[in-house]
$ cat coords_35.cif   # mmCIF, C-alpha atoms
data_work
#
loop_
_atom_site.label_atom_id
_atom_site.label_comp_id
_atom_site.auth_asym_id
_atom_site.auth_seq_id
_atom_site.Cartn_x
_atom_site.Cartn_y
_atom_site.Cartn_z
CA MET A 18 -141.31 -113.38 -155.76
CA GLU A 19 -139.41 -110.38 -154.45
CA THR A 20 -138.11 -112.39 -151.49
CA THR A 21 -136.99 -115.21 -153.77
CA LEU A 22 -135.19 -112.79 -156.07
CA ARG A 23 -133.43 -111.15 -153.13
CA THR A 24 -132.33 -114.57 -151.87
CA ILE A 25 -130.97 -115.56 -155.27
CA ASN A 26 -129.05 -112.29 -155.54
CA GLN A 27 -127.57 -112.82 -152.08
CA ILE A 28 -126.47 -116.33 -153.07
CA ILE A 29 -124.84 -114.99 -156.24
CA ALA A 30 -123.10 -112.26 -154.24
CA CYS A 31 -121.77 -114.85 -151.79
CA LEU A 32 -120.51 -117.04 -154.62
CA PHE A 33 -118.73 -114.04 -156.15
CA PHE A 34 -117.04 -113.37 -152.82
CA ILE A 35 -116.06 -117.01 -152.32
CA CYS A 36 -114.57 -117.25 -155.83
CA TYR A 37 -112.53 -114.06 -155.66
CA ALA A 38 -111.79 -113.49 -151.96
CA TYR A 39 -108.32 -115.00 -152.42
CA GLN A 40 -107.37 -111.96 -154.51
CA PHE A 41 -107.53 -109.80 -151.38
CA ILE A 42 -104.31 -111.58 -150.39
CA TYR A 43 -102.70 -110.21 -153.53
CA ILE A 44 -103.03 -106.61 -152.31
CA PRO A 45 -100.56 -106.73 -149.39
CA VAL A 46 -98.30 -109.05 -151.39
CA ALA A 47 -98.11 -106.45 -154.17
CA LEU A 48 -97.67 -103.55 -151.76
CA PHE A 49 -94.90 -105.06 -149.67
CA LYS A 50 -93.05 -107.31 -152.12
CA LYS A 51 -89.31 -106.76 -152.48
CA ARG A 52 -87.64 -106.98 -155.84
CA LYS A 53 -84.42 -108.91 -156.13
CA PRO A 54 -81.61 -107.09 -157.95
CA LEU A 55 -81.03 -108.49 -161.42
CA PRO A 56 -77.56 -109.41 -162.68
CA THR A 57 -76.14 -107.69 -165.73
CA ALA A 58 -78.14 -108.90 -168.69
CA ALA A 59 -76.41 -110.36 -171.72
CA PRO A 60 -77.77 -109.06 -175.05
CA HIS A 61 -80.13 -111.26 -177.06
CA ARG A 62 -81.52 -111.27 -180.59
CA TYR A 63 -85.21 -110.44 -180.85
CA ALA A 64 -87.84 -110.59 -183.56
CA VAL A 65 -90.72 -108.11 -183.20
CA LEU A 66 -94.05 -109.46 -184.46
CA ILE A 67 -96.84 -107.06 -185.48
CA ALA A 68 -100.14 -108.16 -186.99
CA ALA A 69 -101.80 -105.16 -188.64
CA ARG A 70 -105.06 -104.70 -190.51
CA ASN A 71 -105.63 -101.28 -192.07
CA GLU A 72 -103.39 -99.54 -189.53
CA GLN A 73 -101.67 -96.96 -191.74
CA THR A 74 -102.52 -94.11 -189.36
CA VAL A 75 -100.89 -95.62 -186.27
CA ILE A 76 -98.29 -98.23 -187.24
CA GLY A 77 -95.69 -95.58 -188.10
CA ASP A 78 -95.79 -94.26 -184.52
CA LEU A 79 -95.22 -97.77 -183.14
CA LEU A 80 -92.26 -98.34 -185.45
CA ASP A 81 -90.82 -94.94 -184.51
CA SER A 82 -91.03 -95.89 -180.82
CA LEU A 83 -89.21 -99.14 -181.65
CA ASN A 84 -86.49 -97.27 -183.49
CA ARG A 85 -85.97 -95.02 -180.45
CA GLN A 86 -85.29 -97.91 -178.06
CA SER A 87 -82.29 -97.70 -175.74
CA TYR A 88 -81.52 -101.33 -176.59
CA ASP A 89 -78.99 -102.18 -179.31
CA MET A 90 -81.40 -102.29 -182.26
CA SER A 91 -78.89 -104.08 -184.47
CA LEU A 92 -80.02 -107.14 -182.49
CA VAL A 93 -83.71 -106.54 -183.24
CA LYS A 94 -85.59 -107.33 -186.45
CA THR A 95 -89.12 -106.01 -186.93
CA PHE A 96 -91.69 -108.00 -188.91
CA VAL A 97 -95.16 -106.84 -189.93
CA ILE A 98 -97.90 -109.03 -191.38
CA ALA A 99 -100.33 -106.81 -193.30
CA ASP A 100 -103.47 -108.88 -192.83
CA ASN A 101 -106.20 -108.35 -195.44
CA CYS A 102 -105.26 -104.68 -195.73
CA SER A 103 -106.87 -102.29 -198.19
CA ASP A 104 -104.83 -99.23 -197.17
CA ALA A 105 -101.16 -98.21 -197.11
CA THR A 106 -100.16 -100.21 -194.01
CA SER A 107 -97.52 -102.18 -195.96
CA TYR A 108 -96.03 -99.05 -197.51
CA VAL A 109 -95.78 -97.17 -194.19
CA ALA A 110 -94.20 -100.18 -192.44
CA ARG A 111 -91.61 -100.66 -195.17
CA GLN A 112 -90.75 -96.96 -195.11
CA LYS A 113 -90.03 -97.31 -191.39
CA GLY A 114 -87.66 -100.24 -191.95
CA ALA A 115 -89.86 -103.24 -191.14
CA VAL A 116 -89.84 -106.51 -193.04
CA VAL A 117 -93.39 -106.77 -194.38
CA TYR A 118 -95.39 -109.78 -195.51
CA GLU A 119 -98.89 -109.47 -196.93
CA ARG A 120 -101.72 -111.91 -196.32
CA PHE A 121 -105.09 -112.11 -198.03
CA ASP A 122 -107.33 -114.78 -196.55
CA ARG A 123 -111.04 -114.13 -195.99
CA GLN A 124 -111.71 -117.57 -194.56
CA TYR A 125 -109.25 -117.65 -191.66
CA VAL A 126 -109.53 -114.18 -190.20
CA GLY A 127 -108.03 -112.84 -187.00
CA LYS A 128 -104.85 -111.97 -185.17
CA GLY A 129 -104.05 -115.58 -184.33
CA TYR A 130 -104.07 -116.66 -187.98
CA ALA A 131 -102.02 -113.59 -188.95
CA LEU A 132 -99.36 -114.42 -186.34
CA GLN A 133 -99.30 -118.02 -187.48
CA ALA A 134 -98.66 -116.94 -191.07
CA LEU A 135 -96.01 -114.43 -189.99
CA LEU A 136 -94.08 -117.01 -187.98
CA GLU A 137 -94.20 -119.44 -190.91
CA HIS A 138 -92.66 -116.77 -193.15
CA ILE A 139 -89.94 -116.08 -190.58
CA ARG A 140 -89.16 -119.78 -190.23
CA GLU A 141 -88.68 -120.06 -194.00
CA ASP A 142 -86.69 -116.84 -194.50
CA TYR A 143 -84.74 -116.80 -191.21
CA PRO A 144 -84.18 -120.50 -190.41
CA GLU A 145 -81.61 -119.68 -187.73
CA GLY A 146 -84.42 -118.14 -185.70
CA PHE A 147 -84.09 -115.64 -182.86
CA ASP A 148 -83.53 -115.88 -179.14
CA ALA A 149 -87.05 -114.62 -178.45
CA TYR A 150 -90.07 -112.94 -180.03
CA LEU A 151 -91.94 -109.79 -178.95
CA VAL A 152 -95.60 -109.34 -179.92
CA PHE A 153 -97.27 -105.93 -180.28
CA ASP A 154 -100.48 -104.47 -181.66
CA ALA A 155 -100.14 -101.84 -184.37
CA ASP A 156 -101.57 -99.02 -182.21
CA ASN A 157 -99.10 -99.52 -179.33
CA LEU A 158 -96.32 -97.19 -178.26
CA LEU A 159 -93.27 -98.40 -176.32
CA ALA A 160 -91.45 -96.72 -173.47
CA PRO A 161 -87.85 -95.99 -174.62
CA ASP A 162 -86.38 -98.72 -172.40
CA PHE A 163 -89.03 -101.38 -173.07
CA ILE A 164 -86.80 -103.96 -174.78
CA GLU A 165 -83.93 -103.27 -172.39
CA ARG A 166 -86.15 -104.01 -169.39
CA MET A 167 -87.66 -107.12 -170.99
CA ASN A 168 -84.18 -108.37 -171.84
CA GLU A 169 -83.22 -108.19 -168.15
CA ILE A 170 -86.09 -110.50 -167.18
CA PHE A 171 -85.46 -112.80 -170.16
CA ALA A 172 -81.74 -113.03 -169.34
CA ALA A 173 -82.71 -114.03 -165.79
CA GLY A 174 -84.18 -117.26 -167.17
CA ASN A 175 -87.83 -116.40 -167.87
CA GLU A 176 -89.08 -117.63 -171.25
CA ILE A 177 -92.58 -116.12 -171.36
CA ILE A 178 -92.91 -112.55 -170.10
CA THR A 179 -95.73 -110.04 -170.02
CA CYS A 180 -95.43 -106.32 -169.28
CA TYR A 181 -97.32 -103.33 -167.86
CA ARG A 182 -99.98 -102.35 -170.40
CA ASN A 183 -100.56 -98.65 -169.84
CA SER A 184 -103.02 -96.38 -171.67
CA LYS A 185 -102.41 -93.83 -174.44
CA ASN A 186 -105.72 -92.06 -173.80
CA TYR A 187 -106.38 -92.32 -170.06
CA GLY A 188 -107.93 -88.85 -169.90
CA SER A 189 -110.30 -89.14 -172.88
CA ASN A 190 -113.35 -90.09 -170.79
CA TRP A 191 -114.49 -92.38 -167.98
CA ILE A 192 -114.48 -95.44 -170.24
CA SER A 193 -110.83 -95.17 -171.29
CA ALA A 194 -109.91 -94.24 -167.70
CA GLY A 195 -111.64 -97.40 -166.45
CA TYR A 196 -109.66 -99.56 -168.87
CA ALA A 197 -106.41 -97.89 -167.79
CA LEU A 198 -107.16 -98.50 -164.10
CA TRP A 199 -107.96 -102.12 -164.83
CA PHE A 200 -104.63 -102.67 -166.60
CA LEU A 201 -102.82 -100.95 -163.72
CA ARG A 202 -104.53 -103.34 -161.30
CA GLU A 203 -103.74 -106.29 -163.55
CA SER A 204 -100.07 -105.39 -163.73
CA ARG A 205 -99.44 -104.71 -160.06
CA TYR A 206 -102.15 -106.39 -158.00
CA LEU A 207 -102.70 -109.50 -160.12
CA ASN A 208 -99.63 -110.34 -162.18
CA GLY A 209 -97.24 -108.55 -159.83
CA ALA A 210 -98.59 -110.46 -156.85
CA ARG A 211 -98.64 -113.74 -158.75
CA SER A 212 -95.00 -113.26 -159.64
CA ALA A 213 -94.06 -112.46 -156.04
CA LEU A 214 -95.78 -115.64 -154.88
CA GLY A 215 -93.97 -117.75 -157.50
CA SER A 216 -97.18 -118.39 -159.41
CA SER A 217 -97.77 -117.82 -163.12
CA CYS A 218 -98.93 -114.54 -164.61
CA ALA A 219 -101.23 -114.21 -167.63
CA VAL A 220 -100.42 -112.56 -170.94
CA SER A 221 -102.57 -109.54 -171.71
CA GLY A 222 -103.09 -109.31 -175.46
CA THR A 223 -100.02 -107.35 -176.45
CA GLY A 224 -96.53 -106.47 -175.24
CA PHE A 225 -95.38 -109.98 -174.40
CA LEU A 226 -92.34 -112.15 -175.10
CA PHE A 227 -91.78 -115.84 -175.72
CA SER A 228 -88.52 -117.66 -176.38
CA GLN A 229 -87.39 -119.74 -179.33
CA ARG A 230 -87.70 -122.85 -177.16
CA ILE A 231 -91.34 -122.05 -176.39
CA LEU A 232 -92.05 -121.51 -180.09
CA GLU A 233 -90.44 -124.83 -181.03
CA LYS A 234 -92.21 -126.64 -178.20
CA THR A 235 -95.56 -125.31 -179.40
CA GLY A 236 -94.75 -125.99 -183.05
CA GLY A 237 -95.78 -122.54 -184.23
CA TRP A 238 -98.72 -120.35 -183.31
CA HIS A 239 -101.90 -122.37 -182.84
CA PHE A 240 -104.04 -120.00 -180.78
CA HIS A 241 -107.14 -118.87 -182.66
CA LEU A 242 -109.90 -118.43 -180.09
CA LEU A 243 -111.46 -115.00 -179.49
CA VAL A 244 -109.08 -114.43 -176.54
CA GLU A 245 -105.92 -115.89 -178.02
CA ASP A 246 -103.82 -114.27 -175.27
CA ILE A 247 -105.66 -116.18 -172.52
CA GLN A 248 -105.57 -119.34 -174.62
CA PHE A 249 -101.80 -118.89 -175.05
CA SER A 250 -101.38 -118.36 -171.29
CA ILE A 251 -103.45 -121.32 -170.18
CA HIS A 252 -101.94 -123.67 -172.76
CA HIS A 253 -98.44 -122.99 -171.46
CA ILE A 254 -99.43 -123.06 -167.80
CA LEU A 255 -100.90 -126.52 -168.39
CA GLN A 256 -97.61 -127.48 -170.06
CA GLY A 257 -95.76 -126.59 -166.85
CA GLU A 258 -94.39 -123.26 -168.04
CA ARG A 259 -94.35 -120.18 -165.82
CA ILE A 260 -95.23 -116.75 -167.18
CA ALA A 261 -93.30 -113.87 -165.60
CA ILE A 262 -93.96 -110.13 -165.61
CA CYS A 263 -91.65 -107.19 -166.16
CA GLU A 264 -93.48 -104.33 -164.47
CA ASP A 265 -90.82 -101.85 -165.57
CA ALA A 266 -91.43 -102.58 -169.26
CA VAL A 267 -94.28 -100.29 -170.28
CA ILE A 268 -96.34 -100.13 -173.45
CA TYR A 269 -99.10 -97.63 -174.17
CA ASP A 270 -102.27 -98.97 -175.73
CA GLU A 271 -105.32 -97.25 -177.24
CA GLN A 272 -108.45 -97.90 -175.18
CA PRO A 273 -112.11 -97.65 -176.29
CA THR A 274 -113.94 -94.39 -175.58
CA ASP A 275 -117.37 -95.39 -176.90
CA PHE A 276 -119.70 -97.30 -174.60
CA ARG A 277 -121.12 -99.49 -177.37
CA GLN A 278 -117.64 -100.32 -178.60
CA SER A 279 -116.63 -101.24 -175.05
CA CYS A 280 -119.69 -103.47 -174.64
CA ARG A 281 -119.00 -105.28 -177.92
CA GLN A 282 -115.39 -105.83 -176.90
CA ARG A 283 -116.34 -107.17 -173.48
CA LEU A 284 -119.00 -109.46 -174.93
CA ARG A 285 -116.34 -110.83 -177.27
CA TRP A 286 -114.03 -111.38 -174.29
CA ALA A 287 -116.82 -113.12 -172.37
CA LYS A 288 -117.53 -115.43 -175.29
CA GLY A 289 -113.81 -116.06 -175.62
CA TYR A 290 -113.53 -117.03 -171.95
CA LEU A 291 -116.29 -119.58 -172.45
CA GLN A 292 -114.46 -120.96 -175.49
CA VAL A 293 -111.25 -121.29 -173.48
CA PHE A 294 -113.00 -122.99 -170.58
CA GLN A 295 -114.77 -125.38 -172.94
CA ARG A 296 -111.40 -126.42 -174.37
CA TYR A 297 -109.21 -126.33 -171.25
CA GLY A 298 -111.61 -126.40 -168.29
CA GLY A 299 -111.26 -130.09 -167.52
CA ARG A 300 -107.47 -129.91 -167.47
CA LEU A 301 -107.54 -126.74 -165.37
CA ILE A 302 -109.76 -128.38 -162.77
CA TYR A 303 -107.57 -131.49 -162.81
CA GLY A 304 -104.49 -129.33 -162.30
CA THR A 305 -106.23 -127.51 -159.45
CA LEU A 306 -107.07 -130.80 -157.73
CA ARG A 307 -103.41 -131.80 -158.06
CA GLY A 308 -102.38 -128.68 -156.17
CA SER A 309 -101.56 -126.20 -158.94
CA TRP A 310 -102.29 -122.69 -157.69
CA SER A 311 -101.81 -121.31 -161.21
CA CYS A 312 -104.51 -123.63 -162.56
CA PHE A 313 -106.92 -122.56 -159.81
CA ASP A 314 -106.11 -118.90 -160.40
CA MET A 315 -106.69 -119.17 -164.17
CA THR A 316 -109.93 -121.08 -163.62
CA MET A 317 -111.24 -118.29 -161.41
CA ALA A 318 -110.05 -115.69 -163.90
CA ILE A 319 -111.96 -117.05 -166.89
CA MET A 320 -115.05 -118.85 -165.61
CA PRO A 321 -117.11 -117.83 -162.52
CA ASP A 322 -117.34 -114.14 -163.40
CA ILE A 323 -119.15 -114.52 -166.72
CA VAL A 324 -121.32 -117.41 -165.50
CA LEU A 325 -122.48 -115.68 -162.31
CA THR A 326 -123.03 -112.39 -164.13
CA SER A 327 -125.11 -114.13 -166.81
CA VAL A 328 -127.20 -115.92 -164.18
CA SER A 329 -127.74 -112.64 -162.34
CA LEU A 330 -128.86 -110.85 -165.51
CA LEU A 331 -131.15 -113.72 -166.49
CA VAL A 332 -132.78 -113.98 -163.07
CA ASN A 333 -133.25 -110.25 -162.62
#
$ encode --input "coords_35.cif" --output "structure tokens"
Amino acid sequence: METTLRTINQIIACLFFICYAYQFIYIPVALFKKRKPLPTAAPHRYAVLIAARNEQTVIGDLLDSLNRQSYDMSLVKTFVIADNCSDATSYVARQKGAVVYERFDRQYVGKGYALQALLEHIREDYPEGFDAYLVFDADNLLAPDFIERMNEIFAAGNEIITCYRNSKNYGSNWISAGYALWFLRESRYLNGARSALGSSCAVSGTGFLFSQRILEKTGGWHFHLLVEDIQFSIHHILQGERIAICEDAVIYDEQPTDFRQSCRQRLRWAKGYLQVFQRYGGRLIYGTLRGSWSCFDMTMAIMPDIVLTSVSLLVN
């Protein structure tokens, strides 16, 4: 029995290596890539989208960091959807100058549904639309030049852009530090390398941009799985869109510090990855077989890890 178990574990370890060995190539690509100088960026009109649920203690800090941007804020309109709130989130957001809509729906719950409702309100009240939309979580903070840096990449022709998701509480404990190191790796050694190779990046939950054309092509926000950011990314990759990264645009995000909270979050992510693969797996594999590196990369990102880990836990 012990010999059999050891053999199975060795097979799983080999499969892990085979699935993810290609990412070793990303390391030298990220280390030695050269950035091309960007031309002077023309200004664009942006709508900021924030879905908030009982976030009265933090949303004011986010809106303050928006108001301190080096970008011309007369070109930026901030919208908050107060989603099933029972606190003063709406009041705080309005006091800080945001346009606030309130939503009370106990049946369709979650960030995806809140963003869908917010974009429907904007379409009705601002029919002329905006050049692009920026999505943030209520507990984020923005570097002072965030929008300015994102505008440079948008003006260069990129219509979906992610950023560097840094941590507000790196030094709290080993759990928050681990999250921060992961997001650093994701920004530079995954998305940064993907961008350098001309492949597509993946959106990471918050701090991302999409253009008016992308919104119209999608017909609104229709991403409601547990990992709506990955669903959003894979949907557009399968549509032939390329997601870029602006590594110089930095947001600061609150990371878990409690081990149980971290486990619950990661279990939710794992379930979400399975949902995404169930919906898009066939098309991802088909795209891979047709030579799409981005499809292969996204397949490896969402599927083998959770499956092999689950098999390992079950067997052991």
$ resolve_selection --input "coords_35.cif" --expression "the PyMOL selection byres ((chain A and resi 302) around 12)" --output "ChimeraX atom specification"
/A:255,294-301,303-317,320
$ atom_distance --input "coords_35.cif" --atom1 "CA of Ser212 (chain A)" --atom2 "CA of Pro273 (chain A)"
28.5 Å
$ closest_atom_pairs --input "coords_35.cif" --of "region 253-328 of chain A" --to "region 33-46 of chain A" --cutoff "9 Å" --atoms "all atoms listed in the file" --output "tab-separated table"
residue	atom	partner	partner_atom	distance
A:Met317	CA	A:Cys36	CA	6.6
A:Ala318	CA	A:Tyr37	CA	8.8
A:Pro321	CA	A:Cys36	CA	7.2
A:Asp322	CA	A:Phe33	CA	7.4
A:Leu325	CA	A:Phe33	CA	7.4
$ resolve_selection --input "coords_35.cif" --expression "the PyMOL selection byres ((chain A and resi 68-76) around 7)" --output "NGL selection string"
:A and (66-67 or 77-80 or 97-106 or 109-110 or 128 or 131-132 or 154-156)
$ atom_distance --input "coords_35.cif" --atom1 "CA of Arg182 (chain A)" --atom2 "CA of Asp89 (chain A)"
22.8 Å
$ axis_aligned_box --input "coords_35.cif" --around "region 304-317 of chain A" --padding-each-side "3 Å" --output "lines of an AutoDock Vina configuration file"
center_x = -106.4
center_y = -125.0
center_z = -160.2
size_x = 15.7
size_y = 19.5
size_z = 14.0
$ atom_distance --input "coords_35.cif" --atom1 "CA of Asp162 (chain A)" --atom2 "CA of Cys263 (chain A)"
11.8 Å
$ closest_residue --input "coords_35.cif" --among "A:Lys113, A:His61, A:Arg259, A:His241" --to "Glu165 (chain A)" --atoms "all atoms listed in the file"
A:His61
$ residues_around --input "coords_35.cif" --residues "Ser82 (chain A)" --least-positions-apart "4" --cutoff "7 Å" --atoms "only C-alpha atoms" --output "ChimeraX atom specification"
/A:78,86,158-159,161
$ write_last_selection --input "coords_35.cif" --atoms "C-alpha atoms" --output "compact mmCIF listing (two decimals), keeping the file's coordinate frame"
# COMPACT_ATOMS: atom_id res chain seq x y z
CA ASP A 78 -95.79 -94.26 -184.52
CA GLN A 86 -85.29 -97.91 -178.06
CA LEU A 158 -96.32 -97.19 -178.26
CA LEU A 159 -93.27 -98.40 -176.32
CA PRO A 161 -87.85 -95.99 -174.62
$ closest_residue --input "coords_35.cif" --among "A:Gln272, A:Ser204, A:Gln133, A:Gln256" --to "Gly237 (chain A)" --atoms "all atoms listed in the file"
A:Gln133
$ closest_atom_pairs --input "coords_35.cif" --of "region 236-261 of chain A" --to "region 285-290 of chain A" --cutoff "7 Å" --atoms "all atoms listed in the file" --output "tab-separated table"
residue	atom	partner	partner_atom	distance
A:Leu242	CA	A:Gly289	CA	6.4
A:Leu243	CA	A:Gly289	CA	4.7
A:Val244	CA	A:Gly289	CA	5.1
$ closest_atom_pairs --input "coords_35.cif" --of "region 230-307 of chain A" --to "region 213-216 of chain A" --cutoff "10 Å" --atoms "all atoms listed in the file" --output "tab-separated table"
residue	atom	partner	partner_atom	distance
A:Ile254	CA	A:Ser216	CA	9.9
A:Arg259	CA	A:Ser216	CA	7.2
A:Ile260	CA	A:Ser216	CA	8.2
A:Ala261	CA	A:Ser216	CA	8.6
A:Ile262	CA	A:Ala213	CA	9.9
$ closest_residue --input "coords_35.cif" --among "A:Gly209, A:Gly114, A:Gly195, A:Gly222" --to "Val152 (chain A)" --atoms "all atoms listed in the file"
A:Gly222
$ resolve_selection --input "coords_35.cif" --expression "the PyMOL selection byres ((chain A and resi 326) around 12)" --output "ChimeraX atom specification"
/A:26,29-30,32-33,284,287,320-325,327-333
$ closest_residue --input "coords_35.cif" --among "A:Glu119, A:Thr274, A:Leu232, A:Glu145" --to "Asn190 (chain A)" --atoms "all atoms listed in the file"
A:Thr274
$ decode --input "coords_35.cif" --residues "region 67-109 of chain A" --atoms "C-alpha atoms" --output "compact mmCIF listing (two decimals), in the first residue's frame"
# COMPACT_ATOMS: atom_id res chain seq x y z
CA ILE A 67 -17.52 50.34 -7.70
CA ALA A 68 -19.78 47.61 -6.35
CA ALA A 69 -20.03 47.98 -2.57
CA ARG A 70 -21.86 46.04 0.11
CA ASN A 71 -21.70 47.48 3.64
CA GLU A 72 -18.38 49.22 2.97
CA GLN A 73 -18.90 52.49 4.87
CA THR A 74 -15.59 52.12 6.72
CA VAL A 75 -13.39 51.84 3.63
CA ILE A 76 -15.13 53.31 0.58
CA GLY A 77 -14.32 56.88 1.62
CA ASP A 78 -10.59 56.13 1.47
CA LEU A 79 -10.95 54.71 -2.05
CA LEU A 80 -12.86 57.77 -3.23
CA ASP A 81 -10.28 60.07 -1.63
CA SER A 82 -7.51 58.25 -3.54
CA LEU A 83 -9.52 58.75 -6.74
CA ASN A 84 -9.93 62.44 -6.04
CA ARG A 85 -6.15 62.77 -5.58
CA GLN A 86 -5.32 61.36 -9.03
CA SER A 87 -2.81 63.20 -11.21
CA TYR A 88 -5.16 62.67 -14.16
CA ASP A 89 -7.62 65.38 -15.19
CA MET A 90 -10.56 64.30 -13.02
CA SER A 91 -13.01 66.44 -14.96
CA LEU A 92 -12.85 63.56 -17.46
CA VAL A 93 -13.68 60.93 -14.83
CA LYS A 94 -17.10 60.10 -13.37
CA THR A 95 -17.34 57.81 -10.35
CA PHE A 96 -20.32 55.49 -9.91
CA VAL A 97 -21.11 53.37 -6.86
CA ILE A 98 -23.74 50.64 -6.68
CA ALA A 99 -24.70 50.13 -3.02
CA ASP A 100 -25.64 46.46 -3.19
CA ASN A 101 -28.02 45.24 -0.46
CA CYS A 102 -26.45 47.64 2.03
CA SER A 103 -27.69 48.09 5.59
CA ASP A 104 -25.11 50.71 6.58
CA ALA A 105 -24.12 54.23 5.47
CA THR A 106 -22.22 53.21 2.32
CA SER A 107 -24.51 55.30 0.09
CA TYR A 108 -24.22 58.37 2.32
CA VAL A 109 -20.41 58.22 2.51
